[in-house]
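What's in protein23.cif: mmCIF, C-alpha atoms
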data_structure
loop_
_atom_site.group_PDB
_atom_site.id
_atom_site.type_symbol
_atom_site.label_atom_id
_atom_site.label_comp_id
_atom_site.auth_asym_id
_atom_site.auth_seq_id
_atom_site.Cartn_x
_atom_site.Cartn_y
_atom_site.Cartn_z
ATOM 1 C CA MET A 165 -30.764 41.059 -115.308
ATOM 2 C CA LEU A 166 -34.451 41.842 -115.736
ATOM 3 C CA LEU A 167 -36.975 41.551 -112.895
ATOM 4 C CA GLU A 168 -40.511 41.763 -114.225
ATOM 5 C CA TYR A 169 -43.509 42.774 -112.117
ATOM 6 C CA PHE A 170 -47.242 43.269 -112.486
ATOM 7 C CA LYS A 171 -49.127 46.160 -110.835
ATOM 8 C CA ASP A 172 -52.703 45.612 -109.596
ATOM 9 C CA ASN A 173 -53.424 49.282 -110.228
ATOM 10 C CA PRO A 174 -51.679 51.851 -112.466
ATOM 11 C CA TYR A 175 -51.366 54.269 -109.512
ATOM 12 C CA ILE A 176 -49.195 51.902 -107.485
ATOM 13 C CA PRO A 177 -45.632 53.260 -107.250
ATOM 14 C CA ASP A 178 -43.065 51.320 -109.236
ATOM 15 C CA PRO A 179 -40.356 49.630 -107.188
ATOM 16 C CA ASN A 180 -37.337 51.881 -107.361
ATOM 17 C CA PHE A 181 -33.634 51.964 -106.492
ATOM 18 C CA GLN A 182 -33.018 55.217 -104.601
ATOM 19 C CA THR A 183 -29.315 55.499 -105.467
ATOM 20 C CA LYS A 184 -27.123 54.365 -108.343
ATOM 21 C CA MET A 185 -25.397 51.666 -106.235
ATOM 22 C CA ALA A 186 -28.274 50.570 -103.981
ATOM 23 C CA ALA A 187 -28.390 46.805 -103.397
ATOM 24 C CA CYS A 188 -32.129 46.878 -102.693
ATOM 25 C CA PHE A 189 -35.134 48.571 -104.258
ATOM 26 C CA ASP A 190 -37.884 50.169 -102.209
ATOM 27 C CA LEU A 191 -41.417 48.829 -101.899
ATOM 28 C CA ALA A 192 -44.335 51.122 -101.146
ATOM 29 C CA ALA A 193 -47.474 50.409 -99.156
ATOM 30 C CA TYR A 194 -50.650 50.027 -101.187
ATOM 31 C CA ILE A 195 -53.582 51.037 -98.980
ATOM 32 C CA PRO A 196 -56.735 51.625 -101.021
ATOM 33 C CA LYS A 197 -59.207 53.812 -99.115
ATOM 34 C CA ASN A 198 -62.090 51.352 -99.584
ATOM 35 C CA GLU A 199 -60.260 48.156 -98.578
ATOM 36 C CA LYS A 200 -59.814 46.957 -95.001
ATOM 37 C CA VAL A 201 -56.387 46.069 -93.606
ATOM 38 C CA LYS A 202 -55.801 43.104 -91.297
ATOM 39 C CA VAL A 203 -54.264 44.407 -88.048
ATOM 40 C CA TYR A 204 -53.111 42.028 -85.328
ATOM 41 C CA SER A 205 -52.683 42.679 -81.620
ATOM 42 C CA GLY A 206 -51.457 39.561 -79.857
ATOM 43 C CA LYS A 207 -53.548 36.746 -81.367
ATOM 44 C CA GLU A 208 -56.505 39.019 -82.091
ATOM 45 C CA CYS A 209 -57.102 40.091 -85.693
ATOM 46 C CA MET A 210 -59.191 43.105 -86.689
ATOM 47 C CA ASP A 211 -60.229 44.259 -90.151
ATOM 48 C CA VAL A 212 -59.467 47.976 -89.998
ATOM 49 C CA SER A 213 -60.785 50.530 -92.458
ATOM 50 C CA PRO A 214 -58.131 52.974 -93.671
ATOM 51 C CA ILE A 215 -58.503 56.581 -92.571
ATOM 52 C CA TYR A 216 -58.610 59.271 -95.239
ATOM 53 C CA ASP A 217 -56.344 62.272 -94.634
ATOM 54 C CA SER A 218 -57.841 65.176 -96.605
ATOM 55 C CA GLU A 219 -54.702 67.281 -96.099
ATOM 56 C CA LYS A 220 -52.445 64.644 -97.694
ATOM 57 C CA GLU A 221 -55.263 63.484 -99.982
ATOM 58 C CA ASP A 222 -54.525 59.847 -99.262
ATOM 59 C CA SER A 223 -55.458 57.012 -96.937
ATOM 60 C CA TYR A 224 -53.462 55.457 -94.112
ATOM 61 C CA VAL A 225 -53.656 52.781 -91.475
ATOM 62 C CA CYS A 226 -52.547 53.479 -87.912
ATOM 63 C CA LEU A 227 -50.567 50.893 -85.936
ATOM 64 C CA MET A 228 -50.507 51.184 -82.177
ATOM 65 C CA PRO A 229 -47.383 50.051 -80.258
ATOM 66 C CA GLY A 230 -46.899 46.302 -80.697
ATOM 67 C CA GLU A 231 -49.485 45.942 -83.482
ATOM 68 C CA ARG A 232 -48.801 44.138 -86.746
ATOM 69 C CA ALA A 233 -50.471 44.572 -90.123
ATOM 70 C CA LEU A 234 -50.507 42.766 -93.439
ATOM 71 C CA ILE A 235 -49.669 45.572 -95.857
ATOM 72 C CA ARG A 236 -50.220 45.157 -99.578
ATOM 73 C CA THR A 237 -47.687 46.304 -102.174
ATOM 74 C CA GLY A 238 -49.970 45.738 -105.164
ATOM 75 C CA LEU A 239 -47.016 44.103 -106.938
ATOM 76 C CA THR A 240 -46.590 40.559 -108.217
ATOM 77 C CA PHE A 241 -43.067 39.634 -109.297
ATOM 78 C CA LYS A 242 -42.036 37.208 -112.035
ATOM 79 C CA LEU A 243 -38.797 35.929 -110.553
ATOM 80 C CA PRO A 244 -36.024 34.652 -112.824
ATOM 81 C CA ASP A 245 -34.990 31.003 -112.583
ATOM 82 C CA GLY A 246 -32.729 30.355 -109.598
ATOM 83 C CA TYR A 247 -33.643 33.570 -107.748
ATOM 84 C CA SER A 248 -35.730 34.540 -104.733
ATOM 85 C CA LEU A 249 -36.764 37.959 -103.500
ATOM 86 C CA ARG A 250 -35.680 38.908 -99.963
ATOM 87 C CA LEU A 251 -37.741 41.556 -98.166
ATOM 88 C CA HIS A 252 -36.003 43.758 -95.602
ATOM 89 C CA PRO A 253 -37.056 46.619 -93.303
ATOM 90 C CA ARG A 254 -35.937 50.093 -94.333
ATOM 91 C CA SER A 255 -33.305 51.043 -91.770
ATOM 92 C CA GLY A 256 -34.430 54.669 -91.371
ATOM 93 C CA MET A 257 -38.044 53.657 -90.754
ATOM 94 C CA ALA A 258 -36.947 51.069 -88.197
ATOM 95 C CA LEU A 259 -34.590 53.437 -86.356
ATOM 96 C CA LYS A 260 -36.643 56.641 -86.401
ATOM 97 C CA TYR A 261 -40.171 55.265 -86.031
ATOM 98 C CA GLY A 262 -39.928 51.608 -84.972
ATOM 99 C CA LEU A 263 -41.571 50.335 -88.169
ATOM 100 C CA THR A 264 -40.088 47.006 -89.201
ATOM 101 C CA LEU A 265 -40.919 43.666 -90.776
ATOM 102 C CA THR A 266 -42.197 41.273 -88.122
ATOM 103 C CA ASN A 267 -40.451 38.304 -89.714
ATOM 104 C CA CYS A 268 -37.161 40.275 -89.997
ATOM 105 C CA GLU A 269 -36.649 39.056 -93.554
ATOM 106 C CA GLY A 270 -39.441 37.969 -95.828
ATOM 107 C CA VAL A 271 -38.734 35.461 -98.579
ATOM 108 C CA VAL A 272 -40.586 35.365 -101.891
ATOM 109 C CA ASP A 273 -39.870 32.019 -103.527
ATOM 110 C CA GLU A 274 -39.252 31.688 -107.251
ATOM 111 C CA ASP A 275 -42.534 29.822 -107.758
ATOM 112 C CA TYR A 276 -44.695 32.330 -105.805
ATOM 113 C CA THR A 277 -46.903 34.141 -108.319
ATOM 114 C CA TYR A 278 -49.196 36.104 -106.038
ATOM 115 C CA GLU A 279 -49.052 39.642 -104.694
ATOM 116 C CA THR A 280 -46.080 40.438 -102.462
ATOM 117 C CA LYS A 281 -47.327 41.536 -99.038
ATOM 118 C CA LEU A 282 -45.438 42.840 -96.029
ATOM 119 C CA ILE A 283 -45.929 41.879 -92.376
ATOM 120 C CA MET A 284 -45.239 45.265 -90.761
ATOM 121 C CA MET A 285 -44.927 45.888 -87.018
ATOM 122 C CA ASN A 286 -44.796 48.946 -84.806
ATOM 123 C CA THR A 287 -41.988 48.229 -82.327
ATOM 124 C CA ASN A 288 -42.235 51.747 -80.887
ATOM 125 C CA SER A 289 -43.207 51.404 -77.220
ATOM 126 C CA LYS A 290 -44.906 54.823 -76.950
ATOM 127 C CA ASP A 291 -46.197 56.148 -80.251
ATOM 128 C CA SER A 292 -48.558 54.978 -82.953
ATOM 129 C CA ILE A 293 -47.332 54.903 -86.558
ATOM 130 C CA LYS A 294 -49.306 55.983 -89.599
ATOM 131 C CA ILE A 295 -48.575 54.027 -92.777
ATOM 132 C CA TYR A 296 -49.806 56.045 -95.727
ATOM 133 C CA ASN A 297 -50.634 54.728 -99.160
ATOM 134 C CA LYS A 298 -47.475 55.030 -101.312
ATOM 135 C CA ASP A 299 -45.106 55.327 -98.299
ATOM 136 C CA ARG A 300 -41.860 53.455 -98.966
ATOM 137 C CA VAL A 301 -41.945 51.011 -96.047
ATOM 138 C CA ALA A 302 -39.665 48.103 -97.022
ATOM 139 C CA GLN A 303 -36.948 47.142 -99.467
ATOM 140 C CA ALA A 304 -36.338 44.069 -101.587
ATOM 141 C CA GLU A 305 -33.268 42.299 -102.918
ATOM 142 C CA LEU A 306 -33.047 39.784 -105.746
ATOM 143 C CA VAL A 307 -30.900 36.898 -104.466
ATOM 144 C CA PRO A 308 -29.667 33.756 -106.213
ATOM 145 C CA TYR A 309 -30.348 30.559 -104.354
ATOM 146 C CA GLU A 310 -29.403 26.926 -104.631
ATOM 147 C CA GLN A 311 -31.552 24.209 -103.139
ATOM 148 C CA PRO A 312 -29.108 21.780 -101.478
ATOM 149 C CA LEU A 313 -29.588 18.065 -101.222
ATOM 150 C CA LEU A 314 -30.428 17.261 -97.601
ATOM 151 C CA ALA A 315 -28.820 14.245 -95.959
ATOM 152 C CA GLU A 316 -28.962 13.039 -92.376
ATOM 153 C CA ILE A 317 -25.621 12.035 -90.859
ATOM 154 C CA GLN A 318 -25.052 9.596 -88.004
ATOM 155 C CA PHE A 319 -22.576 11.608 -85.918
ATOM 156 C CA ARG A 320 -22.473 15.198 -84.686
ATOM 157 C CA PRO A 321 -20.041 17.331 -86.747
ATOM 158 C CA THR A 322 -16.602 17.841 -85.184
ATOM 159 C CA LEU A 323 -15.065 21.229 -84.371
ATOM 160 C CA LYS A 324 -13.530 23.070 -87.338
ATOM 161 C CA SER A 325 -11.801 25.834 -85.338
ATOM 162 C CA ASP A 326 -11.117 26.961 -81.785
ATOM 163 C CA ARG A 327 -14.744 28.127 -81.404
ATOM 164 C CA ILE A 328 -16.467 26.767 -78.305
ATOM 165 C CA GLY A 329 -20.144 27.572 -77.975
ATOM 166 C CA GLY A 330 -22.348 30.262 -79.455
ATOM 167 C CA PHE A 331 -24.810 32.969 -78.409
ATOM 168 C CA GLY A 332 -22.201 35.479 -77.268
ATOM 169 C CA SER A 333 -19.369 33.017 -76.562
ATOM 170 C CA THR A 334 -16.868 35.102 -78.546
ATOM 171 C CA GLY A 335 -17.521 38.230 -76.453
ATOM 172 C CA VAL A 336 -18.352 41.792 -77.507
ATOM 173 C CA ARG A 337 -14.856 43.264 -78.124
#
Would you give me this structure, written as structure tokens?
Amino acid sequence: MLLEYFKDNPYIPDPNFQTKMAACFDLAAYIPKNEKVKVYSGKECMDVSPIYDSEKEDSYVCLMPGERALIRTGLTFKLPDGYSLRLHPRSGMALKYGLTLTNCEGVVDEDYTYETKLIMMNTNSKDSIKIYNKDRVAQAELVPYEQPLLAEIQFRPTLKSDRIGGFGSTGVR
């Protein structure tokens, strides 16, 4: 299967599988030094200028605890018929630093032909997080989908098993 993509800039990292059997490919942040990033704290939105790190020779945006940012990837995907792209947090970034996708899983629909962007959040309660240009911050998975026919029914569905309830009703062990 071929997944085609367009890069806004030739210096944007290509999406890449990190191992031979990886289910997802990594997506890198695209943070041009002369372009502001939308950062949200609560309902407030600020246009934040990236900071240039002369030691790393690249720009970054800093997220304080609880802040969210709309991070560009610089990539536009041409999705095959019957497929969507699912965006996931990178587990190491989430565990070690608290950097995750705010919407848990992003969905890029087959007919979406604009740049893929990531809603990143700093869930770390103490430390700020620097997201550098070209940092691998999320991963994506090509997933087949089927749009079901939707039909309202007149009666609540009956039990199919011995399950009673939800939200922890089956216990933890």
Report as JSON, numbers by chain all protein, DNA and RNA residues lying within 6 Å of Glu231 of chain A, evaluated on all atoms listed in the file, omitting residues in the same chain fewer than 5 positions from it. {"A": [204, 205, 285, 286]}
For Asn180 of chain A, please output as a list in words all residues within 8 Å (counting all atoms listed in the file; exclusion window: fewer than 2 positions along the same chain).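 Neighbouring residues, sequence-local ones excluded: Asp178, Gln182, Phe189, Asp190 and Leu191 of chain A.
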Using the selection just defined, write its residues with C-alpha atoms as a short mmCIF file (atom, residue, chain, number, x, y, z; two decimals), keeping the file's coordinate frame.
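Generated file (result.cif):
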data_model
loop_
_atom_site.label_atom_id
_atom_site.label_comp_id
_atom_site.auth_asym_id
_atom_site.auth_seq_id
_atom_site.Cartn_x
_atom_site.Cartn_y
_atom_site.Cartn_z
CA ASP A 178 -43.06 51.32 -109.24
CA GLN A 182 -33.02 55.22 -104.60
CA PHE A 189 -35.13 48.57 -104.26
CA ASP A 190 -37.88 50.17 -102.21
CA LEU A 191 -41.42 48.83 -101.90
#
Quick one: everything within 10 Å of Asp299 of chain A, counting only C-alpha atoms, minus sequence neighbours fewer than 5 positions away in the same chain. Send it as a ChimeraX atom specification. /A:177,190-195,224,294
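Note on the selection: in this file the PyMOL selection byres ((chain A and resi 210) around 12) comes out as Lys200, Val201, Lys202, Val203, Tyr204, Ser205, Gly206, Lys207, Glu208, Cys209, Asp211, Val212, Ser213, Leu227, Glu231, Arg232, Ala233 and Leu234 of chain A.
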Using only C-alpha atoms, which of A:Pro321, A:Pro174, A:Pro312, A:Gly330 sits nearest Gly238 of chain A?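 Using only C-alpha atoms, Gly238 of chain A sits closest to A:Pro174.
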How many Å lie between atom CA of Cys226 of chain A and atom CA of Phe241 of chain A, rounded to one decimal? 27.2 Å
Enter the distance from atom CA of Asp273 of chain A to atom CA of Phe181 of chain A, in Å, rounded to one decimal. 21.1 Å
Identify all residues satisfying the PyMOL selection byres ((chain A and resi 268) around 9) in the given file; provide them as a list of chain:residue names.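 What the PyMOL selection byres ((chain A and resi 268) around 9) grabs from the file is A:Leu251, A:His252, A:Pro253, A:Thr264, A:Leu265, A:Thr266, A:Asn267, A:Glu269, A:Gly270.
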Take the residues that were just selected and, keeping C-alpha atoms, output them as a PDB file, in the frame of the given file.
ATOM      1  CA  LEU A 251     -37.741  41.556 -98.166  1.00  0.00           C
ATOM      2  CA  HIS A 252     -36.003  43.758 -95.602  1.00  0.00           C
ATOM      3  CA  PRO A 253     -37.056  46.619 -93.303  1.00  0.00           C
ATOM      4  CA  THR A 264     -40.088  47.006 -89.201  1.00  0.00           C
ATOM      5  CA  LEU A 265     -40.919  43.666 -90.776  1.00  0.00           C
ATOM      6  CA  THR A 266     -42.197  41.273 -88.122  1.00  0.00           C
ATOM      7  CA  ASN A 267     -40.451  38.304 -89.714  1.00  0.00           C
ATOM      8  CA  GLU A 269     -36.649  39.056 -93.554  1.00  0.00           C
ATOM      9  CA  GLY A 270     -39.441  37.969 -95.828  1.00  0.00           C
TER      10      GLY A 270
END
Neighbours of Leu243 of chain A within 8 Å (only C-alpha atoms; same-chain residues fewer than 3 positions away dropped), as number ranges by chain? A: 167-168, 247-249, 274-275
My list of candidates is A:Tyr278, A:Lys220, A:Ile293, A:Gly246. Which is closest to Gln311 of chain A when distances are computed with only C-alpha atoms?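 Going through A:Tyr278, A:Lys220, A:Ile293, A:Gly246 one by one, the smallest distance to Gln311 of chain A is for A:Gly246.
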Taking the file as I've supplied it (selection: the PyMOL selection byres ((chain A and resi 170) around 7)), which residues are included? Please answer as a ChimeraX atom specification. /A:169,171-172,239-241
Rounded to one decimal place, report the atom CA of Thr322 of chain A-atom CA of Thr334 of chain A distance in Å.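 Calculated distance between atom CA of Thr322 of chain A and atom CA of Thr334 of chain A is 18.5 Å.
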